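Colleague: Contents of structure_27.json (JSON, C-alpha atoms) are below:
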[["chain", "number", "residue", "atom", "x", "y", "z"],
["A", 1, "MET", "CA", 0.00, 0.00, 0.00],
["A", 2, "THR", "CA", 1.05, 3.62, -0.58],
["A", 3, "PRO", "CA", 2.83, 5.03, 2.52],
["A", 4, "ALA", "CA", 0.73, 7.55, 4.49],
["A", 5, "ARG", "CA", 1.46, 11.21, 3.79],
["A", 6, "PRO", "CA", 2.27, 13.56, 6.67],
["A", 7, "ALA", "CA", -0.92, 14.93, 8.26],
["A", 8, "SER", "CA", -0.44, 18.47, 6.92],
["A", 9, "ALA", "CA", 0.17, 17.31, 3.35],
["A", 10, "ARG", "CA", -2.75, 14.89, 3.53],
["A", 11, "ALA", "CA", -5.04, 17.65, 4.77],
["A", 12, "LEU", "CA", -4.06, 19.91, 1.85],
["A", 13, "VAL", "CA", -4.62, 17.14, -0.69],
["A", 14, "VAL", "CA", -8.00, 16.21, 0.76],
["A", 15, "ALA", "CA", -9.09, 19.84, 0.97],
["A", 16, "ALA", "CA", -8.13, 20.32, -2.69],
["A", 17, "LEU", "CA", -10.11, 17.23, -3.66],
["A", 18, "ALA", "CA", -13.13, 18.48, -1.74],
["A", 19, "LEU", "CA", -12.97, 21.81, -3.57],
["A", 20, "LEU", "CA", -12.72, 20.11, -6.95],
["A", 21, "LEU", "CA", -15.69, 17.90, -6.18],
["A", 22, "MET", "CA", -17.75, 20.91, -5.10],
["A", 23, "LEU", "CA", -16.86, 22.84, -8.27],
["A", 24, "ALA", "CA", -17.14, 20.04, -10.78],
["A", 25, "GLY", "CA", -19.79, 17.87, -9.18],
["A", 26, "CYS", "CA", -19.20, 14.31, -8.09],
["A", 27, "SER", "CA", -18.54, 12.38, -11.30],
["A", 28, "GLY", "CA", -16.87, 9.50, -9.52],
["A", 29, "ALA", "CA", -18.27, 6.24, -8.20],
["A", 30, "PRO", "CA", -20.26, 7.30, -5.10],
["A", 31, "ARG", "CA", -23.84, 8.43, -5.61],
["A", 32, "ALA", "CA", -26.90, 9.22, -3.52],
["A", 33, "GLY", "CA", -28.64, 5.87, -3.96],
["A", 34, "PRO", "CA", -31.97, 4.63, -5.30],
["A", 35, "GLY", "CA", -34.26, 6.21, -2.70],
["A", 36, "PRO", "CA", -34.48, 8.22, 0.52],
["A", 37, "PRO", "CA", -32.51, 7.11, 3.58],
["A", 38, "PRO", "CA", -34.37, 4.99, 6.13],
["A", 39, "ARG", "CA", -36.60, 6.56, 8.77],
["A", 40, "THR", "CA", -36.73, 3.45, 10.94],
["A", 41, "PRO", "CA", -34.25, 2.24, 13.61],
["A", 42, "VAL", "CA", -32.00, 0.03, 11.51],
["A", 43, "THR", "CA", -28.42, 1.06, 12.23],
["A", 44, "SER", "CA", -26.90, -0.84, 15.10],
["A", 45, "VAL", "CA", -29.49, -3.61, 15.02],
["A", 46, "ALA", "CA", -28.72, -4.22, 11.35],
["A", 47, "VAL", "CA", -25.00, -4.12, 12.02],
["A", 48, "ALA", "CA", -25.23, -6.62, 14.87],
["A", 49, "GLY", "CA", -27.64, -8.95, 13.10],
["A", 50, "ASN", "CA", -25.36, -9.20, 10.09],
["A", 51, "ARG", "CA", -22.25, -10.04, 12.11],
["A", 52, "LEU", "CA", -20.00, -7.30, 10.83],
["A", 53, "VAL", "CA", -16.60, -6.96, 12.48],
["A", 54, "ASP", "CA", -14.46, -3.91, 13.13],
["A", 55, "GLN", "CA", -10.85, -3.21, 12.16],
["A", 56, "ASP", "CA", -9.66, -5.21, 15.17],
["A", 57, "GLY", "CA", -11.74, -8.26, 14.22],
["A", 58, "ARG", "CA", -14.33, -7.74, 16.99],
["A", 59, "THR", "CA", -17.99, -8.40, 16.24],
["A", 60, "VAL", "CA", -19.92, -5.14, 16.69],
["A", 61, "THR", "CA", -23.25, -5.35, 18.53],
["A", 62, "GLU", "CA", -26.06, -2.86, 18.97],
["A", 63, "LYS", "CA", -24.75, -2.16, 22.49],
["A", 64, "GLU", "CA", -21.69, -0.49, 20.94],
["A", 65, "MET", "CA", -23.81, 2.40, 19.63],
["A", 66, "THR", "CA", -26.79, 2.52, 22.00],
["A", 67, "GLY", "CA", -26.76, 5.64, 24.15],
["A", 68, "ARG", "CA", -24.60, 7.75, 21.82],
["A", 69, "PRO", "CA", -25.32, 9.61, 18.59],
["A", 70, "HIS", "CA", -23.30, 8.29, 15.68],
["A", 71, "LEU", "CA", -22.70, 8.66, 11.97],
["A", 72, "VAL", "CA", -22.80, 5.98, 9.28],
["A", 73, "PHE", "CA", -21.03, 6.14, 5.92],
["A", 74, "PHE", "CA", -20.60, 3.49, 3.21],
["A", 75, "GLY", "CA", -17.37, 3.41, 1.20],
["A", 76, "PHE", "CA", -14.22, 1.42, 0.42],
["A", 77, "THR", "CA", -10.49, 1.86, 0.83],
["A", 78, "HIS", "CA", -9.72, 1.88, -2.91],
["A", 79, "CYS", "CA", -12.08, 4.85, -3.41],
["A", 80, "PRO", "CA", -9.93, 7.52, -5.09],
["A", 81, "ASP", "CA", -11.47, 10.74, -3.80],
["A", 82, "VAL", "CA", -14.95, 10.93, -2.26],
["A", 83, "CYS", "CA", -14.34, 8.42, 0.55],
["A", 84, "PRO", "CA", -11.10, 9.92, 1.92],
["A", 85, "THR", "CA", -12.59, 13.41, 1.54],
["A", 86, "THR", "CA", -15.70, 12.41, 3.49],
["A", 87, "LEU", "CA", -13.71, 10.68, 6.23],
["A", 88, "PHE", "CA", -11.51, 13.76, 6.55],
["A", 89, "GLN", "CA", -14.62, 15.95, 6.83],
["A", 90, "ILE", "CA", -16.09, 13.65, 9.51],
["A", 91, "SER", "CA", -12.79, 13.89, 11.39],
["A", 92, "GLU", "CA", -12.98, 17.68, 11.23],
["A", 93, "VAL", "CA", -16.58, 17.64, 12.52],
["A", 94, "PHE", "CA", -15.58, 15.41, 15.42],
["A", 95, "LYS", "CA", -12.68, 17.73, 16.22],
["A", 96, "ALA", "CA", -15.10, 20.67, 16.22],
["A", 97, "THR", "CA", -17.32, 18.98, 18.83],
["A", 98, "GLY", "CA", -14.55, 19.38, 21.42],
["A", 99, "ASP", "CA", -14.94, 17.69, 24.80],
["A", 100, "GLN", "CA", -18.69, 17.31, 24.30],
["A", 101, "GLY", "CA", -18.12, 14.93, 21.41],
["A", 102, "ARG", "CA", -15.59, 12.59, 23.01],
["A", 103, "ASN", "CA", -18.10, 9.69, 23.02],
["A", 104, "LEU", "CA", -19.31, 10.17, 19.46],
["A", 105, "ARG", "CA", -18.60, 7.45, 16.90],
["A", 106, "ALA", "CA", -18.86, 7.00, 13.13],
["A", 107, "LEU", "CA", -19.28, 3.67, 11.35],
["A", 108, "PHE", "CA", -17.43, 3.34, 8.03],
["A", 109, "ILE", "CA", -19.04, 0.25, 6.44],
["A", 110, "THR", "CA", -17.11, -1.08, 3.47],
["A", 111, "VAL", "CA", -18.95, -2.07, 0.31],
["A", 112, "ASP", "CA", -15.85, -3.97, -0.87],
["A", 113, "PRO", "CA", -15.35, -6.70, 1.76],
["A", 114, "GLU", "CA", -13.33, -8.89, -0.62],
["A", 115, "ARG", "CA", -10.46, -6.39, -0.44],
["A", 116, "ASP", "CA", -11.27, -4.55, 2.79],
["A", 117, "ARG", "CA", -10.37, -7.07, 5.45],
["A", 118, "PRO", "CA", -10.02, -5.83, 9.07],
["A", 119, "GLU", "CA", -6.27, -5.25, 8.83],
["A", 120, "VAL", "CA", -6.73, -3.18, 5.63],
["A", 121, "LEU", "CA", -9.39, -1.05, 7.29],
["A", 122, "LYS", "CA", -7.18, -0.56, 10.33],
["A", 123, "GLU", "CA", -4.27, 0.81, 8.30],
["A", 124, "TYR", "CA", -6.53, 2.95, 6.14],
["A", 125, "LEU", "CA", -8.43, 4.52, 9.04],
["A", 126, "SER", "CA", -5.24, 5.31, 10.95],
["A", 127, "SER", "CA", -5.08, 8.54, 8.92],
["A", 128, "PHE", "CA", -8.40, 9.74, 10.33],
["A", 129, "ASP", "CA", -10.09, 10.39, 13.69],
["A", 130, "ASP", "CA", -9.91, 7.32, 15.92],
["A", 131, "ARG", "CA", -13.63, 7.60, 16.67],
["A", 132, "ILE", "CA", -14.30, 6.26, 13.16],
["A", 133, "ILE", "CA", -14.90, 2.50, 13.31],
["A", 134, "GLY", "CA", -14.40, 0.42, 10.17],
["A", 135, "LEU", "CA", -16.79, -2.47, 9.60],
["A", 136, "THR", "CA", -16.50, -5.41, 7.23],
["A", 137, "GLY", "CA", -17.71, -8.99, 6.91],
["A", 138, "ASP", "CA", -18.64, -11.48, 4.25],
["A", 139, "ARG", "CA", -20.52, -10.38, 1.13],
["A", 140, "VAL", "CA", -23.89, -11.57, 2.47],
["A", 141, "ALA", "CA", -23.49, -9.55, 5.68],
["A", 142, "VAL", "CA", -22.37, -6.40, 3.87],
["A", 143, "ASP", "CA", -25.16, -6.62, 1.30],
["A", 144, "ALA", "CA", -27.70, -7.04, 4.11],
["A", 145, "ALA", "CA", -26.40, -3.90, 5.84],
["A", 146, "VAL", "CA", -26.54, -1.95, 2.56],
["A", 147, "LYS", "CA", -30.15, -3.06, 2.06],
["A", 148, "ALA", "CA", -31.12, -2.23, 5.66],
["A", 149, "TYR", "CA", -29.96, 1.36, 5.20],
["A", 150, "ARG", "CA", -31.65, 1.64, 1.79],
["A", 151, "ALA", "CA", -28.19, 2.32, 0.44],
["A", 152, "TYR", "CA", -26.68, 1.31, -2.89],
["A", 153, "ALA", "CA", -23.50, -0.52, -3.92],
["A", 154, "ARG", "CA", -22.45, -2.11, -7.19],
["A", 155, "LYS", "CA", -19.19, -3.56, -8.49],
["A", 156, "VAL", "CA", -18.09, -1.95, -11.77],
["A", 157, "PRO", "CA", -15.35, -3.56, -13.93],
["A", 158, "THR", "CA", -12.57, -1.25, -15.13],
["A", 159, "THR", "CA", -10.69, -1.34, -18.41],
["A", 160, "ASP", "CA", -7.53, -2.74, -16.78],
["A", 161, "GLY", "CA", -9.34, -5.87, -15.61],
["A", 162, "ASP", "CA", -9.79, -4.62, -12.05],
["A", 163, "TYR", "CA", -12.97, -3.10, -10.60],
["A", 164, "THR", "CA", -14.27, -0.15, -8.65],
["A", 165, "MET", "CA", -17.42, 0.32, -6.57],
["A", 166, "GLU", "CA", -20.38, 2.60, -7.09],
["A", 167, "HIS", "CA", -21.98, 3.35, -3.76],
["A", 168, "THR", "CA", -24.24, 5.59, -1.72],
["A", 169, "SER", "CA", -22.62, 8.84, -0.60],
["A", 170, "TYR", "CA", -25.03, 9.68, 2.23],
["A", 171, "VAL", "CA", -23.67, 10.33, 5.71],
["A", 172, "TYR", "CA", -26.41, 9.22, 8.12],
["A", 173, "LEU", "CA", -26.91, 10.89, 11.50],
["A", 174, "MET", "CA", -28.36, 8.46, 14.06],
["A", 175, "ASP", "CA", -29.66, 9.35, 17.52],
["A", 176, "ARG", "CA", -28.95, 7.79, 20.94],
["A", 177, "ARG", "CA", -31.61, 5.11, 20.35],
["A", 178, "ASN", "CA", -30.20, 4.04, 16.96],
["A", 179, "ARG", "CA", -32.88, 5.87, 15.01],
["A", 180, "PHE", "CA", -32.29, 7.75, 11.77],
["A", 181, "VAL", "CA", -32.35, 11.55, 12.24],
["A", 182, "SER", "CA", -31.15, 13.02, 8.94],
["A", 183, "THR", "CA", -28.39, 12.99, 6.38],
["A", 184, "LEU", "CA", -25.54, 15.44, 6.93],
["A", 185, "SER", "CA", -24.21, 17.93, 4.43],
["A", 186, "LEU", "CA", -20.49, 18.03, 5.11],
["A", 187, "ASN", "CA", -19.96, 20.93, 2.72],
["A", 188, "HIS", "CA", -21.07, 23.28, 5.50],
["A", 189, "PRO", "CA", -18.48, 24.54, 8.02],
["A", 190, "SER", "CA", -17.35, 21.85, 10.47],
["A", 191, "SER", "CA", -18.50, 23.91, 13.46],
["A", 192, "GLU", "CA", -22.02, 24.15, 12.01],
["A", 193, "VAL", "CA", -22.26, 20.40, 11.34],
["A", 194, "ALA", "CA", -20.83, 19.70, 14.81],
["A", 195, "ARG", "CA", -23.64, 21.69, 16.42],
["A", 196, "GLU", "CA", -26.19, 19.62, 14.50],
["A", 197, "VAL", "CA", -24.61, 16.39, 15.73],
["A", 198, "LEU", "CA", -24.34, 17.60, 19.31],
["A", 199, "LYS", "CA", -28.09, 18.29, 19.41],
["A", 200, "GLN", "CA", -28.53, 14.49, 19.66],
["A", 201, "LEU", "CA", -26.54, 14.19, 22.92]]
Once more with this new file: its structure as structure tokens, please.
Modeller:
Amino acid sequence: MTPARPASARALVVAALALLLMLAGCSGAPRAGPGPPPRTPVTSVAVAGNRLVDQDGRTVTEKEMTGRPHLVFFGFTHCPDVCPTTLFQISEVFKATGDQGRNLRALFITVDPERDRPEVLKEYLSSFDDRIIGLTGDRVAVDAAVKAYRAYARKVPTTDGDYTMEHTSYVYLMDRRNRFVSTLSLNHPSSEVAREVLKQL
């Protein structure tokens, strides 16, 4: 894997990517999905029922998230731009919550479990806020989680014989009881988004 860039250089690169995406529109793989996000309590229950594991190989249960607001984002580690940009933005939001947000969490659920094993997620997420938990599992478990969130993911072959993933780009805000609240627009200032998240405490 490509060695991690220093934090300052990585921040500049990610910020530049975010600006390009805002100016040009997202023409890459992630997309909004086939329908509105769920308005029923599916998050942690769906995660637990489908036996997803985190970057340390631990099975995540609904108890992990109950009692704390959290974010959910689908992506994959080979994503060239939108995923690292979004994870950087989530990290900035968490930083902006200060001491109030120390118990917040975000779930980064891979849509590419064949490549994103726990050890891959662990290395990838080391560049971002440590409150972001990576989740993976077998294809059946991941597909079930995608369906539970009314999300979207599809493998797309590339011309070099490899593949990429189209996937939902929503960031879901969930409340203390694992219920869907809203999707977050991370293009707003981090302090503004942080206040929205902190309302769920």
Colleague: With only C-alpha atoms as the atoms that count, which of A:Met165, A:Ile132, A:Leu201, A:Leu173 lies nearest to Phe88 (chain A)?
Modeller: A:Ile132
Colleague: For Gly134 (chain A), which residue among A:Thr66, A:Arg150, A:Arg51, A:Ile109 is the nearest when counting all atoms listed in the file?
Modeller: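 Distance minimum relative to Gly134 (chain A) lands on A:Ile109.
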Colleague: Between A:Val197, A:Leu107, A:Ile133, A:Val60, which has the minimum distance to Val181 (chain A) (counting only C-alpha atoms)?
Modeller: A:Val197
Colleague: Go through A:Ser182, A:Ser169, A:Asn103, A:Ser191 one by one, measure the shortest atom-to-atom distance of each to Thr85 (chain A) using only C-alpha atoms, and give the residue with the smallest value.
Modeller: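 Closest to Thr85 (chain A), using only C-alpha atoms: A:Ser169.
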Colleague: One decimal, in Å: what's the spacing between CA of Gly101 (chain A) and CA of Leu198 (chain A)?
Modeller: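 These two atoms are separated by 7.1 Å.
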Colleague: If we count only C-alpha atoms, what is near Arg105 (chain A) at a cut-off of 8 Å, once residues fewer than 6 positions away on the same chain are taken out, given as a PyMOL selection string?
Modeller: chain A and resi 65+68-71+131-133
Colleague: Between CA of Pro80 (chain A) and CA of Asp116 (chain A), what is the spacing in Å?
Modeller: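 CA of Pro80 (chain A) lies at a distance of 14.5 Å from CA of Asp116 (chain A).
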Colleague: Near Ser91 (chain A), within 7 Å and counting only C-alpha atoms, which residues show up once chain neighbours fewer than 3 positions away are dropped, as a list of chain:residue names?
Modeller: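 My reading of the contact set: A:Leu87, A:Phe88, A:Phe94, A:Lys95, A:Phe128, A:Asp129.
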Colleague: Out of A:Ala194, A:Leu135, A:Ala145, A:Val140, which residue has the shortest atom-to-atom distance to Arg58 (chain A) when counting all atoms listed in the file?
Modeller: A:Leu135
Colleague: Rank A:Val53, A:Val72, A:Val111, A:Ile90 by their smallest atom-to-atom distance to Val193 (chain A), using all atoms listed in the file, and report the top residue only.
Modeller: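 Looking only at the distances to Val193 (chain A), the closest residue turns out to be A:Ile90.
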Colleague: So that I can see what lies close to Ala153 (chain A), please list as a ChimeraX atom specification the residues with an atom at most 9 Å from it, counting all atoms listed in the file and leaving out residues fewer than 6 positions away in the same chain.
Modeller: /A:30,33,74-75,111-112,143,146,165-168
Colleague: Write the residues of the selection above to a file with C-alpha atoms, as a tab-separated table (two decimals), in the coordinates of the input.
Modeller:
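That gives us selection.tsv:
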chain	number	residue	atom	x	y	z
A	30	PRO	CA	-20.26	7.30	-5.10
A	33	GLY	CA	-28.64	5.87	-3.96
A	74	PHE	CA	-20.60	3.49	3.21
A	75	GLY	CA	-17.37	3.41	1.20
A	111	VAL	CA	-18.95	-2.07	0.31
A	112	ASP	CA	-15.85	-3.97	-0.87
A	143	ASP	CA	-25.16	-6.62	1.30
A	146	VAL	CA	-26.54	-1.95	2.56
A	165	MET	CA	-17.42	0.32	-6.57
A	166	GLU	CA	-20.38	2.60	-7.09
A	167	HIS	CA	-21.98	3.35	-3.76
A	168	THR	CA	-24.24	5.59	-1.72
Colleague: Please provide as a ChimeraX atom specification all residues within 7 Å of Thr136 (chain A), with the sequence filter that same-chain residues fewer than 5 positions apart are discarded (counting all atoms listed in the file).
Modeller: /A:52-54,109-110,113,116-118,142
Colleague: By how many Å are CA of Arg102 (chain A) and CA of Leu184 (chain A) apart?
Modeller: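 CA of Leu184 (chain A) lies at a distance of 19.1 Å from CA of Arg102 (chain A).
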